Amino acid sequence: GKYLFQGGLMDVVKRKDMSEAAMAKLRVEILKTLPVEDRIVYSPAGKPKHTVVVLTDIECGYCRKFHTDIAEYTKRGIEVEYLAFPRMGLGSKDYKGMVSVWCAADRNQALTAAKSGRPVADKECNNPVAAQYELGQRLGVTGTPAVYAPDGTQLGGYLPPRQIREALDALAGKSKGQPPGML
């Protein structure tokens, strides 16, 4: 090739990142390939108003911060579906810890323990950690937490519960015909 185009393509009239819009559609399709039963889910009481998929790592400081706010996310009507993304790679100590979490009898309790720095019993089982890690690589995840809205929009890394709820409300408003804008 003779030319290289790098960066996002912006529609300045509509104030829309066209590259992000294209990636969001692709992300939705990629995320559909992983069954919900392979995720660790924290749900609000009643029907969730919003759902986010979060690629997480048990050793990541911002992932731990995100998880300390899990009760507030669910209180605000946000269901959190965690996928494993051991940043240190497959076969690492981090990966083995995440396998132990996903193989625990109570995965939610084990994840909370691991993110609090408490030990989780070493376990091996048929688990989705490697598949989820590879999915994260296909999504282009370079850091954790990586938070995605149902439409595939990447909301970023750690955001406080109020800000994630506002971003999700704004996205839901767009899908109901409100004027487009940038988050």
# chains A, B, ... in the order shown; residues from 1 in each chain; ligands from 1

call {"tool": "residues_around", "arguments": {"residues": "region 33-40 of chain A", "least_positions_apart": "5", "cutoff": "7 Å", "atoms": "only C-alpha atoms", "output": "PDB file with all heavy atoms, in the first residue's frame"}}
result
ATOM      1  N   GLU A  81     -22.218  -7.486  33.875  1.00  0.00           N
ATOM      2  CA  GLU A  81     -21.818  -8.815  33.420  1.00  0.00           C
ATOM      3  C   GLU A  81     -20.309  -8.797  33.220  1.00  0.00           C
ATOM      4  O   GLU A  81     -19.799  -8.135  32.319  1.00  0.00           O
ATOM      5  CB  GLU A  81     -22.510  -9.169  32.096  1.00  0.00           C
ATOM      6  CG  GLU A  81     -24.012  -9.249  32.199  1.00  0.00           C
ATOM      7  CD  GLU A  81     -24.676  -9.582  30.878  1.00  0.00           C
ATOM      8  OE1 GLU A  81     -23.979  -9.649  29.835  1.00  0.00           O
ATOM      9  OE2 GLU A  81     -25.903  -9.771  30.875  1.00  0.00           O
ATOM     10  N   TYR A  82     -19.603  -9.511  34.103  1.00  0.00           N
ATOM     11  CA  TYR A  82     -18.147  -9.550  34.031  1.00  0.00           C
ATOM     12  C   TYR A  82     -17.664 -10.657  33.088  1.00  0.00           C
ATOM     13  O   TYR A  82     -18.187 -11.775  33.109  1.00  0.00           O
ATOM     14  CB  TYR A  82     -17.545  -9.842  35.406  1.00  0.00           C
ATOM     15  CG  TYR A  82     -17.469  -8.674  36.349  1.00  0.00           C
ATOM     16  CD1 TYR A  82     -18.152  -8.691  37.561  1.00  0.00           C
ATOM     17  CD2 TYR A  82     -16.676  -7.570  36.064  1.00  0.00           C
ATOM     18  CE1 TYR A  82     -18.049  -7.642  38.463  1.00  0.00           C
ATOM     19  CE2 TYR A  82     -16.566  -6.515  36.956  1.00  0.00           C
ATOM     20  CZ  TYR A  82     -17.256  -6.558  38.150  1.00  0.00           C
ATOM     21  OH  TYR A  82     -17.153  -5.522  39.044  1.00  0.00           O
ATOM     22  N   LEU A  83     -16.652 -10.331  32.312  1.00  0.00           N
ATOM     23  CA  LEU A  83     -15.895 -11.286  31.528  1.00  0.00           C
ATOM     24  C   LEU A  83     -14.445 -11.204  31.999  1.00  0.00           C
ATOM     25  O   LEU A  83     -13.981 -10.134  32.408  1.00  0.00           O
ATOM     26  CB  LEU A  83     -15.949 -10.961  30.029  1.00  0.00           C
ATOM     27  CG  LEU A  83     -17.322 -10.977  29.366  1.00  0.00           C
ATOM     28  CD1 LEU A  83     -17.206 -10.546  27.905  1.00  0.00           C
ATOM     29  CD2 LEU A  83     -17.957 -12.345  29.468  1.00  0.00           C
ATOM     30  N   ARG A 107     -19.235 -18.164  42.206  1.00  0.00           N
ATOM     31  CA  ARG A 107     -18.322 -17.297  41.444  1.00  0.00           C
ATOM     32  C   ARG A 107     -18.409 -15.842  41.885  1.00  0.00           C
ATOM     33  O   ARG A 107     -17.399 -15.138  41.920  1.00  0.00           O
ATOM     34  CB  ARG A 107     -18.589 -17.420  39.947  1.00  0.00           C
ATOM     35  CG  ARG A 107     -18.312 -18.813  39.429  1.00  0.00           C
ATOM     36  CD  ARG A 107     -18.424 -18.947  37.942  1.00  0.00           C
ATOM     37  NE  ARG A 107     -19.693 -18.463  37.426  1.00  0.00           N
ATOM     38  CZ  ARG A 107     -20.003 -18.400  36.158  1.00  0.00           C
ATOM     39  NH1 ARG A 107     -19.150 -18.790  35.238  1.00  0.00           N
ATOM     40  NH2 ARG A 107     -21.177 -17.952  35.763  1.00  0.00           N
ATOM     41  N   ASN A 108     -19.600 -15.366  42.220  1.00  0.00           N
ATOM     42  CA  ASN A 108     -19.751 -13.967  42.651  1.00  0.00           C
ATOM     43  C   ASN A 108     -18.967 -13.718  43.936  1.00  0.00           C
ATOM     44  O   ASN A 108     -18.247 -12.732  44.051  1.00  0.00           O
ATOM     45  CB  ASN A 108     -21.226 -13.611  42.843  1.00  0.00           C
ATOM     46  CG  ASN A 108     -21.981 -13.573  41.545  1.00  0.00           C
ATOM     47  OD1 ASN A 108     -22.034 -14.568  40.815  1.00  0.00           O
ATOM     48  ND2 ASN A 108     -22.574 -12.441  41.231  1.00  0.00           N
ATOM     49  N   PRO A 128     -14.392 -20.646  30.898  1.00  0.00           N
ATOM     50  CA  PRO A 128     -14.346 -19.763  29.734  1.00  0.00           C
ATOM     51  C   PRO A 128     -13.265 -18.692  29.773  1.00  0.00           C
ATOM     52  O   PRO A 128     -13.249 -17.802  28.916  1.00  0.00           O
ATOM     53  CB  PRO A 128     -15.725 -19.111  29.782  1.00  0.00           C
ATOM     54  CG  PRO A 128     -15.974 -18.945  31.253  1.00  0.00           C
ATOM     55  CD  PRO A 128     -15.399 -20.209  31.868  1.00  0.00           C
TER      56      PRO A 128
END

call {"tool": "closest_residue", "arguments": {"among": "A:Gly61, A:Gly173, A:Gly97, A:Gly117", "to": "Gly157 (chain A)", "atoms": "only C-alpha atoms"}}
result
A:Gly61

call {"tool": "closest_residue", "arguments": {"among": "A:Leu168, A:Met88, A:Glu59, A:His67", "to": "Gln154 (chain A)", "atoms": "only C-alpha atoms"}}
result
A:Leu168

call {"tool": "select_by_dssp", "arguments": {"residues": "region 63-116 of chain A", "states": "helix (DSSP H, G or I)", "output": "number ranges by chain"}}
result
A: 63-68, 70-75, 93-103, 107-115

call {"tool": "atom_distance", "arguments": {"atom1": "CA of Cys103 (chain A)", "atom2": "CA of Cys60 (chain A)"}}
result
19.9 Å

call {"tool": "residues_around", "arguments": {"residues": "Phe85 (chain A)", "least_positions_apart": "2", "cutoff": "8 Å", "atoms": "only C-alpha atoms", "output": "number ranges by chain"}}
result
A: 55-57, 83, 87, 129, 132-133, 136, 144

call {"tool": "select_by_dssp", "arguments": {"residues": "chain A", "states": "strand (DSSP E)", "output": "list in words"}}
result
Met10, Asp11, Lys16, Asp17, Ile40, Val41, Tyr42, His50, Thr51, Val52, Val53, Val54, Leu55, Thr56, Ile78, Glu79, Val80, Glu81, Tyr82, Leu83, Ala84, Ala146, Val147, Tyr148, Gln154, Leu155 and Gly156 of chain A

call {"tool": "write_last_selection", "arguments": {"atoms": "C-alpha atoms", "output": "PDB file, in the first residue's frame"}}
result
ATOM      1  CA  MET A  10     -15.755  12.003  12.489  1.00  0.00           C
ATOM      2  CA  ASP A  11     -19.017  13.232  10.964  1.00  0.00           C
ATOM      3  CA  LYS A  16     -20.679  11.382  15.521  1.00  0.00           C
ATOM      4  CA  ASP A  17     -17.567   9.230  15.608  1.00  0.00           C
ATOM      5  CA  ILE A  40     -20.283 -13.428  36.423  1.00  0.00           C
ATOM      6  CA  VAL A  41     -23.398 -11.297  36.783  1.00  0.00           C
ATOM      7  CA  TYR A  42     -24.419  -8.803  39.461  1.00  0.00           C
ATOM      8  CA  HIS A  50     -29.351  -1.057  31.810  1.00  0.00           C
ATOM      9  CA  THR A  51     -26.701  -3.740  31.363  1.00  0.00           C
ATOM     10  CA  VAL A  52     -22.972  -3.344  30.880  1.00  0.00           C
ATOM     11  CA  VAL A  53     -20.367  -5.925  29.954  1.00  0.00           C
ATOM     12  CA  VAL A  54     -17.088  -5.388  31.788  1.00  0.00           C
ATOM     13  CA  LEU A  55     -13.834  -7.105  30.870  1.00  0.00           C
ATOM     14  CA  THR A  56     -12.037  -7.300  34.172  1.00  0.00           C
ATOM     15  CA  ILE A  78     -27.343  -1.358  36.206  1.00  0.00           C
ATOM     16  CA  GLU A  79     -26.680  -5.047  35.700  1.00  0.00           C
ATOM     17  CA  VAL A  80     -22.951  -5.815  35.469  1.00  0.00           C
ATOM     18  CA  GLU A  81     -21.818  -8.815  33.420  1.00  0.00           C
ATOM     19  CA  TYR A  82     -18.147  -9.550  34.031  1.00  0.00           C
ATOM     20  CA  LEU A  83     -15.895 -11.286  31.528  1.00  0.00           C
ATOM     21  CA  ALA A  84     -12.342 -12.364  32.377  1.00  0.00           C
ATOM     22  CA  ALA A 146     -13.195  -2.190  29.635  1.00  0.00           C
ATOM     23  CA  VAL A 147     -16.872  -1.272  29.929  1.00  0.00           C
ATOM     24  CA  TYR A 148     -19.338  -1.763  27.067  1.00  0.00           C
ATOM     25  CA  GLN A 154     -17.219   1.491  24.803  1.00  0.00           C
ATOM     26  CA  LEU A 155     -17.963   3.624  27.838  1.00  0.00           C
ATOM     27  CA  GLY A 156     -14.317   3.651  28.829  1.00  0.00           C
TER      28      GLY A 156
END

call {"tool": "closest_residue", "arguments": {"among": "A:Arg76, A:Lys115, A:Lys2, A:Lys123", "to": "Ser100 (chain A)", "atoms": "only C-alpha atoms"}}
result
A:Lys123

call {"tool": "residues_around", "arguments": {"residues": "Lys75 (chain A)", "least_positions_apart": "5", "cutoff": "9 Å", "atoms": "only C-alpha atoms", "output": "list of chain:residue names"}}
result
A:Pro44, A:Ala45, A:Ile70

call {"tool": "residues_around", "arguments": {"residues": "Lys25 (chain A)", "least_positions_apart": "3", "cutoff": "10 Å", "atoms": "only C-alpha atoms", "output": "list in words"}}
result
Glu20, Ala21, Ala22, Val28, Glu29, Ile30, Asp151, Gly152 and Thr153 of chain A

call {"tool": "atom_distance", "arguments": {"atom1": "CA of Tyr3 (chain A)", "atom2": "CA of Thr142 (chain A)"}}
result
25.7 Å
